file start_29.csv (CSV, C-alpha atoms and all ligand atoms)
chain,number,residue,atom,x,y,z
A,199,MET,CA,94.9,120.7,98.1
A,200,LYS,CA,97.4,123.4,97.5
A,201,THR,CA,98.5,124.2,93.9
A,202,VAL,CA,101.8,125.7,93.1
A,203,ASN,CA,103.4,126.7,89.8
A,204,THR,CA,106.9,127.6,90.8
A,205,ILE,CA,109.9,125.5,92.0
A,206,ILE,CA,110.4,127.9,95.0
A,207,ALA,CA,106.8,127.4,96.2
A,208,LEU,CA,107.0,123.6,95.6
A,209,ARG,CA,110.2,123.3,97.6
A,210,HIS,CA,108.9,125.5,100.4
A,211,THR,CA,105.9,123.3,101.1
A,212,ILE,CA,107.8,120.0,100.7
A,213,ALA,CA,110.7,121.3,103.0
A,214,ALA,CA,108.3,121.7,105.9
A,215,TRP,CA,107.0,118.1,105.5
A,216,ARG,CA,110.5,116.7,105.1
A,217,SER,CA,111.8,118.5,108.2
A,218,SER,CA,109.1,116.8,110.2
A,219,GLY,CA,110.4,113.5,108.9
A,220,GLU,CA,107.3,112.8,106.8
A,221,ARG,CA,107.4,110.5,103.8
A,222,ILE,CA,106.5,111.9,100.3
A,223,ALA,CA,105.0,110.0,97.4
A,224,PHE,CA,104.9,111.5,93.9
A,225,VAL,CA,102.8,110.9,90.8
A,226,PRO,CA,103.9,112.7,87.7
A,227,THR,CA,101.2,113.1,85.0
A,228,MET,CA,100.4,115.1,81.9
A,229,GLY,CA,96.9,115.7,83.1
A,230,ASN,CA,93.6,114.8,81.4
A,231,LEU,CA,93.2,112.4,84.3
A,232,HIS,CA,91.3,109.2,84.1
A,233,ASP,CA,90.8,106.2,86.5
A,234,GLY,CA,94.3,104.9,85.6
A,235,HIS,CA,95.9,108.1,87.0
A,236,LEU,CA,93.6,108.1,90.0
A,237,ALA,CA,94.7,104.5,90.8
A,238,LEU,CA,98.3,105.8,90.9
A,239,ILE,CA,97.2,108.5,93.3
A,240,ASP,CA,95.4,106.0,95.5
A,241,GLU,CA,98.5,103.8,95.6
A,242,ALA,CA,100.6,106.9,96.5
A,243,LYS,CA,98.3,107.7,99.4
A,244,LYS,CA,98.9,104.2,100.8
A,245,GLN,CA,102.7,104.6,100.6
A,246,ALA,CA,103.4,107.9,102.2
A,247,ASP,CA,102.3,110.7,104.6
A,248,HIS,CA,101.9,113.2,101.8
A,249,THR,CA,101.1,112.9,98.1
A,250,VAL,CA,102.4,115.3,95.4
A,251,ALA,CA,101.1,115.1,91.8
A,252,SER,CA,102.3,117.1,88.9
A,253,ILE,CA,100.5,118.1,85.7
A,254,PHE,CA,102.9,119.1,82.9
A,255,VAL,CA,102.4,118.4,79.2
A,256,ASN,CA,106.1,117.9,78.4
A,257,PRO,CA,107.0,119.3,75.0
A,258,LEU,CA,110.3,117.5,75.0
A,259,GLN,CA,108.6,114.1,74.7
A,260,PHE,CA,106.5,115.0,71.6
A,261,GLY,CA,108.0,114.5,68.2
A,262,GLU,CA,107.4,116.5,65.1
A,263,GLY,CA,103.9,115.9,63.8
A,264,GLU,CA,102.7,114.5,67.2
A,265,ASP,CA,99.9,115.9,69.2
A,266,PHE,CA,101.6,118.3,71.6
A,267,GLU,CA,99.4,121.3,70.6
A,268,THR,CA,96.2,119.3,70.7
A,269,TYR,CA,96.9,117.1,73.7
A,270,PRO,CA,93.9,117.5,76.0
A,271,ARG,CA,94.5,120.1,78.7
A,272,THR,CA,91.8,119.9,81.5
A,273,LEU,CA,93.5,121.5,84.5
A,274,ASP,CA,90.3,122.5,86.3
A,275,GLU,CA,88.6,119.1,86.2
A,276,ASP,CA,92.0,117.4,87.0
A,277,SER,CA,92.5,119.6,90.1
A,278,SER,CA,89.0,118.7,91.4
A,279,GLN,CA,89.7,115.0,90.9
A,280,LEU,CA,93.1,115.2,92.6
A,281,ALA,CA,91.7,117.2,95.5
A,282,SER,CA,88.9,114.6,96.0
A,283,HIS,CA,91.4,111.8,95.9
A,284,GLY,CA,93.3,113.4,98.8
A,285,VAL,CA,96.4,114.8,97.0
A,286,ASP,CA,98.1,117.3,99.2
A,287,LEU,CA,100.1,119.3,96.6
A,288,LEU,CA,99.7,119.8,92.9
A,289,PHE,CA,102.6,121.1,90.9
A,290,ALA,CA,101.4,122.5,87.6
A,291,PRO,CA,104.3,124.5,86.2
A,292,PRO,CA,104.3,126.5,82.9
A,293,VAL,CA,106.8,125.4,80.2
A,294,GLU,CA,109.2,128.3,81.1
A,295,VAL,CA,109.6,127.0,84.7
A,296,MET,CA,110.4,123.5,83.5
A,297,TYR,CA,112.6,124.6,80.6
A,298,PRO,CA,114.0,128.1,81.1
A,299,LEU,CA,116.4,127.5,78.2
A,300,ALA,CA,115.5,127.0,74.5
A,301,GLN,CA,114.9,123.3,73.8
A,302,GLN,CA,118.2,122.8,71.9
A,303,GLN,CA,120.1,124.2,75.0
A,304,GLN,CA,118.4,122.0,77.5
A,305,THR,CA,120.5,119.4,79.3
A,306,ARG,CA,119.1,116.0,78.6
A,307,VAL,CA,119.0,112.6,80.2
A,308,GLU,CA,119.4,109.5,78.0
A,309,VAL,CA,119.1,105.9,79.0
A,310,PRO,CA,120.9,104.3,76.1
A,311,GLU,CA,119.9,101.3,74.0
A,312,VAL,CA,116.6,100.5,75.7
A,313,SER,CA,115.3,103.9,74.6
A,314,ASP,CA,115.9,103.1,71.0
A,315,ILE,CA,113.8,99.9,70.7
A,316,LEU,CA,110.0,99.4,70.5
A,317,GLU,CA,108.5,102.8,71.2
A,318,GLY,CA,111.8,104.5,70.5
A,319,VAL,CA,111.8,103.2,66.9
A,320,PHE,CA,108.5,104.9,66.2
A,321,ARG,CA,108.9,107.9,68.5
A,322,PRO,CA,112.6,108.9,68.2
A,323,GLY,CA,113.6,111.2,71.1
A,324,PHE,CA,110.5,110.3,73.1
A,325,PHE,CA,112.3,108.5,76.0
A,326,VAL,CA,115.0,111.2,76.2
A,327,GLY,CA,112.1,113.7,76.7
A,328,VAL,CA,110.5,111.4,79.4
A,329,ALA,CA,113.8,110.7,81.2
A,330,THR,CA,114.7,114.3,81.2
A,331,VAL,CA,111.4,115.6,82.6
A,332,VAL,CA,111.1,112.9,85.2
A,333,CYS,CA,114.7,113.5,86.3
A,334,LYS,CA,114.0,117.2,86.7
A,335,LEU,CA,110.7,116.5,88.5
A,336,PHE,CA,112.5,114.1,90.9
A,337,ASN,CA,115.1,116.8,91.6
A,338,MET,CA,112.4,119.4,92.3
A,339,VAL,CA,110.1,117.2,94.4
A,340,GLN,CA,112.7,114.8,95.9
A,341,PRO,CA,110.1,112.2,96.7
A,342,ASP,CA,110.7,109.0,98.7
A,343,ILE,CA,108.6,107.0,96.3
A,344,ALA,CA,107.2,107.7,92.8
A,345,ILE,CA,104.3,105.7,91.2
A,346,PHE,CA,104.1,104.8,87.5
A,347,GLY,CA,101.6,102.8,85.5
A,348,GLU,CA,102.4,99.4,84.0
A,349,LYS,CA,100.6,100.4,80.9
A,350,ASP,CA,103.7,102.3,79.9
A,351,PHE,CA,105.9,99.3,80.5
A,352,GLN,CA,108.9,100.5,78.6
A,353,GLN,CA,108.7,103.9,80.2
A,354,LEU,CA,108.6,102.2,83.7
A,355,HIS,CA,111.7,100.1,82.7
A,356,ILE,CA,113.6,103.2,81.5
A,357,ILE,CA,112.8,105.2,84.6
A,358,ARG,CA,113.9,102.3,86.8
A,359,ARG,CA,117.2,102.2,84.9
A,360,MET,CA,117.7,105.9,85.1
A,361,VAL,CA,117.1,105.9,88.9
A,362,GLU,CA,119.6,103.0,89.3
A,363,ASP,CA,122.2,104.4,87.0
A,364,LEU,CA,122.1,107.9,88.5
A,365,GLN,CA,121.8,106.6,92.1
A,366,MET,CA,118.7,108.6,92.7
A,367,PRO,CA,117.4,108.1,96.2
A,368,VAL,CA,113.8,107.3,95.1
A,369,GLU,CA,111.8,104.1,95.1
A,370,ILE,CA,109.9,103.4,91.9
A,371,ALA,CA,106.6,101.6,92.4
A,372,ALA,CA,104.5,100.1,89.6
A,373,SER,CA,100.7,100.1,89.5
A,374,PRO,CA,98.6,97.7,87.3
A,375,THR,CA,97.0,98.9,84.1
A,376,VAL,CA,93.4,100.1,84.6
A,377,ARG,CA,91.0,99.0,81.9
A,378,GLU,CA,87.6,99.9,80.6
A,379,SER,CA,84.9,97.1,81.1
A,380,ASP,CA,85.7,95.8,77.5
A,381,GLY,CA,89.4,95.6,78.3
A,382,LEU,CA,90.7,98.7,76.5
A,383,ALA,CA,93.6,100.1,78.6
A,384,MET,CA,92.7,103.6,79.9
A,385,SER,CA,94.6,106.4,78.1
A,386,SER,CA,94.1,110.1,77.6
A,387,ARG,CA,94.4,109.4,73.9
A,388,ASN,CA,91.3,107.1,73.9
A,389,SER,CA,89.3,110.3,73.6
A,390,TYR,CA,90.6,110.7,70.0
A,391,LEU,CA,88.8,107.5,68.9
A,392,ASP,CA,85.5,107.9,67.0
A,393,SER,CA,82.6,105.6,68.0
A,394,GLU,CA,83.5,102.9,65.4
A,395,GLN,CA,87.2,102.9,66.3
A,396,ARG,CA,86.2,102.8,70.0
A,397,LYS,CA,84.3,99.5,69.3
A,398,THR,CA,87.3,98.1,67.5
A,399,ALA,CA,90.0,99.2,70.0
A,400,PRO,CA,89.5,96.4,72.7
A,401,LEU,CA,90.7,93.9,70.1
A,402,ILE,CA,94.2,94.8,71.2
A,403,TYR,CA,93.6,93.5,74.6
A,404,ARG,CA,91.9,90.4,73.3
A,405,CYS,CA,94.9,89.6,71.1
A,406,LEU,CA,97.2,90.0,74.1
A,407,GLN,CA,95.1,87.7,76.1
A,408,GLN,CA,94.9,85.1,73.4
A,409,ALA,CA,98.7,85.2,73.1
A,410,VAL,CA,99.0,84.8,76.9
A,411,ASP,CA,96.6,81.8,76.8
A,412,VAL,CA,98.6,80.1,74.0
A,413,ILE,CA,101.9,80.5,75.9
A,414,ASN,CA,100.4,79.4,79.1
A,415,GLY,CA,99.1,76.3,77.2
A,416,GLY,CA,102.7,75.5,76.2
A,417,GLY,CA,102.9,77.3,72.9
A,418,ASP,CA,106.5,78.5,72.2
A,419,ASP,CA,106.5,79.4,68.5
A,420,TYR,CA,106.7,83.1,69.4
A,421,ALA,CA,107.3,84.3,65.8
A,422,GLN,CA,104.1,82.6,64.7
A,423,LEU,CA,102.2,83.9,67.6
A,424,GLU,CA,103.3,87.5,66.9
A,425,SER,CA,102.4,87.3,63.2
A,426,ALA,CA,99.0,85.8,63.9
A,427,ALA,CA,98.2,88.6,66.3
A,428,ILE,CA,99.4,91.2,63.8
A,429,ALA,CA,97.3,89.7,61.0
A,430,THR,CA,94.2,89.7,63.3
A,431,LEU,CA,94.7,93.4,64.2
A,432,GLU,CA,95.4,94.4,60.6
A,433,LYS,CA,92.3,92.6,59.4
A,434,ALA,CA,90.3,94.8,61.8
A,435,GLY,CA,91.8,98.0,60.4
A,436,PHE,CA,94.8,98.6,62.7
A,437,VAL,CA,98.2,99.6,61.5
A,438,VAL,CA,100.5,97.6,63.8
A,439,ASP,CA,103.8,99.1,64.8
A,440,TYR,CA,104.8,96.1,66.8
A,441,PHE,CA,103.3,93.1,68.6
A,442,THR,CA,106.2,91.4,70.2
A,443,LEU,CA,107.2,89.0,73.0
A,444,ARG,CA,110.0,90.2,75.2
A,445,ASN,CA,112.0,89.2,78.2
A,446,ALA,CA,110.3,91.4,80.9
A,447,GLU,CA,113.6,92.2,82.6
A,448,THR,CA,115.7,93.2,79.6
A,449,LEU,CA,113.1,93.9,76.9
A,450,ASN,CA,115.2,91.8,74.6
A,451,PRO,CA,113.3,89.5,72.2
A,452,ALA,CA,112.1,86.5,74.2
A,453,ASN,CA,113.4,83.0,73.5
A,454,ALA,CA,111.5,79.8,74.2
A,455,GLY,CA,112.4,78.6,77.7
A,456,GLU,CA,112.5,82.1,79.3
A,457,LYS,CA,110.3,82.5,82.3
A,458,ASN,CA,109.6,86.2,82.8
A,459,LEU,CA,107.8,87.5,79.7
A,460,VAL,CA,105.9,90.6,78.5
A,461,ILE,CA,104.0,91.0,75.3
A,462,LEU,CA,104.1,94.6,74.1
A,463,THR,CA,102.1,96.1,71.3
A,464,ALA,CA,101.5,99.5,69.6
A,465,ALA,CA,99.0,99.9,66.9
A,466,ARG,CA,97.2,102.8,65.2
A,467,LEU,CA,93.5,103.1,64.5
A,468,GLY,CA,93.2,106.1,62.2
A,469,GLN,CA,95.2,108.9,63.8
A,470,THR,CA,95.2,107.4,67.2
A,471,ARG,CA,98.1,105.4,68.4
A,472,LEU,CA,97.4,102.9,71.2
A,473,ILE,CA,99.8,100.9,73.3
A,474,ASP,CA,99.2,98.0,75.7
A,475,ASN,CA,101.0,95.0,77.2
A,476,LEU,CA,100.5,91.9,79.3
A,477,SER,CA,103.2,90.3,81.5
A,478,LEU,CA,103.3,86.6,82.2
A,479,LYS,CA,105.5,84.4,84.4
A,480,LEU,CA,105.9,80.8,83.3
B,1,LIG,O1,103.4,108.8,81.5
B,1,LIG,C1,103.2,110.0,81.4
B,1,LIG,O2,102.1,110.6,81.6
B,1,LIG,C2,104.5,110.9,81.1
B,1,LIG,O3,105.3,110.2,80.2
B,1,LIG,C3,105.2,111.4,82.3
B,1,LIG,C4,105.8,110.2,83.1
B,1,LIG,C5,104.3,112.2,83.2
B,1,LIG,C6,106.4,112.3,81.9
B,1,LIG,O4,105.9,113.4,81.2
call {"tool": "encode", "arguments": {"input": "start_29.csv", "output": "structure tokens", "more": "lines below"}}
Ligand code: PAF
result
Amino acid sequence: MKTVNTIIALRHTIAAWRSSGERIAFVPTMGNLHDGHLALIDEAKKQADHTVASIFVNPLQFGEGEDFETYPRTLDEDSSQLASHGVDLLFAPPVEVMYPLAQQQQTRVEVPEVSDILEGVFRPGFFVGVATVVCKLFNMVQPDIAIFGEKDFQQLHIIRRMVEDLQMPVEIAASPTVRESDGLAMSSRNSYLDSEQRKTAPLIYRCLQQAVDVINGGGDDYAQLESAAIATLEKAGFVVDYFTLRNAETLNPANAGEKNLVILTAARLGQTRLIDNLSLKL
């Protein structure tokens, strides 16, 4: 696996593949890789002749008081994992390559409305940071296809919207959430949990599953379902930001009778904020 840190070196390698007509898949990450990321890489490998991954902890998507400084940075271990999963090219730029200008001068990409709900309420500016960096990375790599995890359901939705609205010639593929054996969705932030919190954390998934079971069994009092799940999580020590049933295509609150649903939740255990979701089709 080749590693590059500059846009010139990145473009040089990719240009050679492109001129031979080869298909390129791209997996953007912030590093500290776990099996969830590696599943994205495995999917990318199936979809193209060459796989490019990026590792960049994007300051633009961290708010004040969030964990930008302490976010785990494990480039050496990540590189070995990517190499052993057959990645051809790793792009690991420093901040000044991605953002040569001061943050307040940086051109931004905003997908309106849908960026201001759910995660956007609790992390203002987060999705502008994500859309901006993904747009820049797409311009640099110019992949044929890019793979994102369904765990970040709203992020996936926003990236699809950005690609559609800006007519970007890249296909967006989704890869299912990878879970620990007790159901906890894999996330780099799980490493912040202490051993007690780690035991409590899978309750999020159980609450999602219970809600899915109730709906599949004909339950359609969504407000009651949401408040029951919130009460269960709070009793176990979570501070719940949201547990909500949405239309999976629009992310608007779901009404009884709609067929394509997603249940999304974000909850904090101590300092650690966890997100998860489950989709269901009726
Ligand atoms: O999902 C992530 O890891 C990040 O939000 C992404 C897409 C790499 C952008 O920084």
call {"tool": "residues_around", "arguments": {"input": "start_29.csv", "residues": "range 430-439 of chain A", "least_positions_apart": "3", "cutoff": "12 Å", "atoms": "all atoms listed in the file", "output": "ChimeraX atom specification"}}
result
/A:315-321,394-395,397-406,408-409,423-427,442,462-474
call {"tool": "write_last_selection", "arguments": {"input": "start_29.csv", "atoms": "C-alpha atoms", "output": "PDB file, keeping the file's coordinate frame"}}
result
ATOM      1  CA  ILE A 315     113.800  99.900  70.700  1.00  0.00           C
ATOM      2  CA  LEU A 316     110.000  99.400  70.500  1.00  0.00           C
ATOM      3  CA  GLU A 317     108.500 102.800  71.200  1.00  0.00           C
ATOM      4  CA  GLY A 318     111.800 104.500  70.500  1.00  0.00           C
ATOM      5  CA  VAL A 319     111.800 103.200  66.900  1.00  0.00           C
ATOM      6  CA  PHE A 320     108.500 104.900  66.200  1.00  0.00           C
ATOM      7  CA  ARG A 321     108.900 107.900  68.500  1.00  0.00           C
ATOM      8  CA  GLU A 394      83.500 102.900  65.400  1.00  0.00           C
ATOM      9  CA  GLN A 395      87.200 102.900  66.300  1.00  0.00           C
ATOM     10  CA  LYS A 397      84.300  99.500  69.300  1.00  0.00           C
ATOM     11  CA  THR A 398      87.300  98.100  67.500  1.00  0.00           C
ATOM     12  CA  ALA A 399      90.000  99.200  70.000  1.00  0.00           C
ATOM     13  CA  PRO A 400      89.500  96.400  72.700  1.00  0.00           C
ATOM     14  CA  LEU A 401      90.700  93.900  70.100  1.00  0.00           C
ATOM     15  CA  ILE A 402      94.200  94.800  71.200  1.00  0.00           C
ATOM     16  CA  TYR A 403      93.600  93.500  74.600  1.00  0.00           C
ATOM     17  CA  ARG A 404      91.900  90.400  73.300  1.00  0.00           C
ATOM     18  CA  CYS A 405      94.900  89.600  71.100  1.00  0.00           C
ATOM     19  CA  LEU A 406      97.200  90.000  74.100  1.00  0.00           C
ATOM     20  CA  GLN A 408      94.900  85.100  73.400  1.00  0.00           C
ATOM     21  CA  ALA A 409      98.700  85.200  73.100  1.00  0.00           C
ATOM     22  CA  LEU A 423     102.200  83.900  67.600  1.00  0.00           C
ATOM     23  CA  GLU A 424     103.300  87.500  66.900  1.00  0.00           C
ATOM     24  CA  SER A 425     102.400  87.300  63.200  1.00  0.00           C
ATOM     25  CA  ALA A 426      99.000  85.800  63.900  1.00  0.00           C
ATOM     26  CA  ALA A 427      98.200  88.600  66.300  1.00  0.00           C
ATOM     27  CA  THR A 442     106.200  91.400  70.200  1.00  0.00           C
ATOM     28  CA  LEU A 462     104.100  94.600  74.100  1.00  0.00           C
ATOM     29  CA  THR A 463     102.100  96.100  71.300  1.00  0.00           C
ATOM     30  CA  ALA A 464     101.500  99.500  69.600  1.00  0.00           C
ATOM     31  CA  ALA A 465      99.000  99.900  66.900  1.00  0.00           C
ATOM     32  CA  ARG A 466      97.200 102.800  65.200  1.00  0.00           C
ATOM     33  CA  LEU A 467      93.500 103.100  64.500  1.00  0.00           C
ATOM     34  CA  GLY A 468      93.200 106.100  62.200  1.00  0.00           C
ATOM     35  CA  GLN A 469      95.200 108.900  63.800  1.00  0.00           C
ATOM     36  CA  THR A 470      95.200 107.400  67.200  1.00  0.00           C
ATOM     37  CA  ARG A 471      98.100 105.400  68.400  1.00  0.00           C
ATOM     38  CA  LEU A 472      97.400 102.900  71.200  1.00  0.00           C
ATOM     39  CA  ILE A 473      99.800 100.900  73.300  1.00  0.00           C
ATOM     40  CA  ASP A 474      99.200  98.000  75.700  1.00  0.00           C
TER      41      ASP A 474
END
call {"tool": "residues_around", "arguments": {"input": "start_29.csv", "residues": "Gly261 in chain A", "least_positions_apart": "6", "cutoff": "8 Å", "atoms": "all atoms listed in the file", "output": "PDB file with C-alpha atoms, keeping the file's coordinate frame"}}
result
ATOM      1  CA  ARG A 321     108.900 107.900  68.500  1.00  0.00           C
ATOM      2  CA  PRO A 322     112.600 108.900  68.200  1.00  0.00           C
ATOM      3  CA  GLY A 323     113.600 111.200  71.100  1.00  0.00           C
ATOM      4  CA  PHE A 324     110.500 110.300  73.100  1.00  0.00           C
TER       5      PHE A 324
END
call {"tool": "residues_near_point", "arguments": {"input": "start_29.csv", "point": "(102.2, 118.2, 87.8)", "cutoff": "7 Å", "atoms": "only C-alpha atoms", "output": "PyMOL selection string"}}
result
chain A and resi 226-228+251-254+288-291
call {"tool": "residues_near_ligand", "arguments": {"input": "start_29.csv", "ligand": "ligand LIG 1 (chain B)", "cutoff": "8 Å", "atoms": "all atoms listed in the file", "output": "list of chain:residue names"}}
result
A:Val225, A:Pro226, A:Thr227, A:Met228, A:Gly229, A:Ser252, A:Ile253, A:Phe254, A:Val255, A:Asn256, A:Gln259, A:Gly327, A:Val328, A:Ala329, A:Val331, A:Val332, A:Phe346, A:Gly347, A:Asp350, A:Gln353
call {"tool": "closest_residue", "arguments": {"input": "start_29.csv", "among": "A:Leu364, A:Leu258, A:Leu287, A:Leu208", "to": "Val326 in chain A", "atoms": "only C-alpha atoms"}}
result
A:Leu258
call {"tool": "atom_distance", "arguments": {"input": "start_29.csv", "atom1": "CA of Ala454 in chain A", "atom2": "CA of Arg359 in chain A"}}
result
25.5 Å
call {"tool": "closest_residue", "arguments": {"input": "start_29.csv", "among": "A:Val460, A:Val339, A:Ile413, A:Ile206", "to": "Phe224 in chain A", "atoms": "only C-alpha atoms"}}
result
A:Val339
call {"tool": "atom_distance", "arguments": {"input": "start_29.csv", "atom1": "CA of Leu443 in chain A", "atom2": "CA of Gly381 in chain A"}}
result
19.7 Å
call {"tool": "closest_residue", "arguments": {"input": "start_29.csv", "among": "A:Pro298, A:Gly415, A:Gly284, A:Pro374", "to": "Phe351 in chain A", "atoms": "only C-alpha atoms"}}
result
A:Pro374
call {"tool": "atom_distance", "arguments": {"input": "start_29.csv", "atom1": "CA of Lys479 in chain A", "atom2": "CA of Ala446 in chain A"}}
result
9.2 Å
call {"tool": "decode", "arguments": {"input": "start_29.csv", "residues": "range 406-472 of chain A", "atoms": "C-alpha atoms", "output": "compact mmCIF listing (two decimals), in the first residue's frame"}}
result
# COMPACT_ATOMS: atom_id res chain seq x y z
CA LEU A 406 -34.08 -0.21 19.06
CA GLN A 407 -34.81 -3.90 18.52
CA GLN A 408 -37.75 -3.81 20.93
CA ALA A 409 -39.22 -0.84 19.08
CA VAL A 410 -38.78 -2.66 15.75
CA ASP A 411 -40.52 -5.73 17.19
CA VAL A 412 -43.47 -3.67 18.46
CA ILE A 413 -43.89 -1.95 15.08
CA ASN A 414 -43.57 -5.22 13.17
CA GLY A 415 -46.23 -6.61 15.50
CA GLY A 416 -48.64 -3.85 14.41
CA GLY A 417 -47.87 -1.16 17.05
CA ASP A 418 -48.35 2.32 15.62
CA ASP A 419 -48.41 4.61 18.66
CA TYR A 420 -44.99 6.02 17.82
CA ALA A 421 -45.01 8.74 20.48
CA GLN A 422 -45.65 6.16 23.19
CA LEU A 423 -42.99 3.87 21.77
CA GLU A 424 -40.42 6.68 21.77
CA SER A 425 -41.16 7.78 25.32
CA ALA A 426 -41.04 4.18 26.62
CA ALA A 427 -37.58 3.69 25.08
CA ILE A 428 -36.35 7.03 26.45
CA ALA A 429 -37.60 6.08 29.94
CA THR A 430 -35.80 2.70 29.77
CA LEU A 431 -32.55 4.32 28.67
CA GLU A 432 -32.76 7.09 31.28
CA LYS A 433 -33.43 4.55 34.04
CA ALA A 434 -30.17 2.82 33.05
CA GLY A 435 -28.23 6.10 33.33
CA PHE A 436 -28.28 7.44 29.76
CA VAL A 437 -28.98 11.07 28.96
CA VAL A 438 -31.03 10.70 25.80
CA ASP A 439 -30.74 13.38 23.10
CA TYR A 440 -33.35 11.69 20.91
CA PHE A 441 -35.00 8.36 20.24
CA THR A 442 -37.25 8.94 17.29
CA LEU A 443 -39.08 7.23 14.49
CA ARG A 444 -38.57 8.83 11.08
CA ASN A 445 -39.42 8.32 7.46
CA ALA A 446 -36.21 6.70 6.14
CA GLU A 447 -36.35 8.66 2.88
CA THR A 448 -36.97 12.16 4.23
CA LEU A 449 -35.97 11.90 7.93
CA ASN A 450 -39.24 13.67 8.76
CA PRO A 451 -41.17 12.37 11.78
CA ALA A 452 -42.94 9.15 10.78
CA ASN A 453 -46.70 8.90 10.66
CA ALA A 454 -48.64 5.68 11.15
CA GLY A 455 -49.13 4.05 7.75
CA GLU A 456 -45.73 4.97 6.33
CA LYS A 457 -43.81 1.99 5.05
CA ASN A 458 -40.14 2.91 5.01
CA LEU A 459 -39.01 3.74 8.53
CA VAL A 460 -35.87 4.29 10.55
CA ILE A 461 -35.53 4.58 14.30
CA LEU A 462 -32.66 6.87 15.22
CA THR A 463 -31.18 7.48 18.63
CA ALA A 464 -28.37 9.40 20.31
CA ALA A 465 -27.67 9.07 24.00
CA ARG A 466 -24.86 9.93 26.35
CA LEU A 467 -23.31 7.70 28.98
CA GLY A 468 -21.09 9.95 31.07
CA GLN A 469 -18.98 11.94 28.59
CA THR A 470 -19.49 9.47 25.73
CA ARG A 471 -22.13 10.15 23.14
CA LEU A 472 -23.36 7.08 21.25
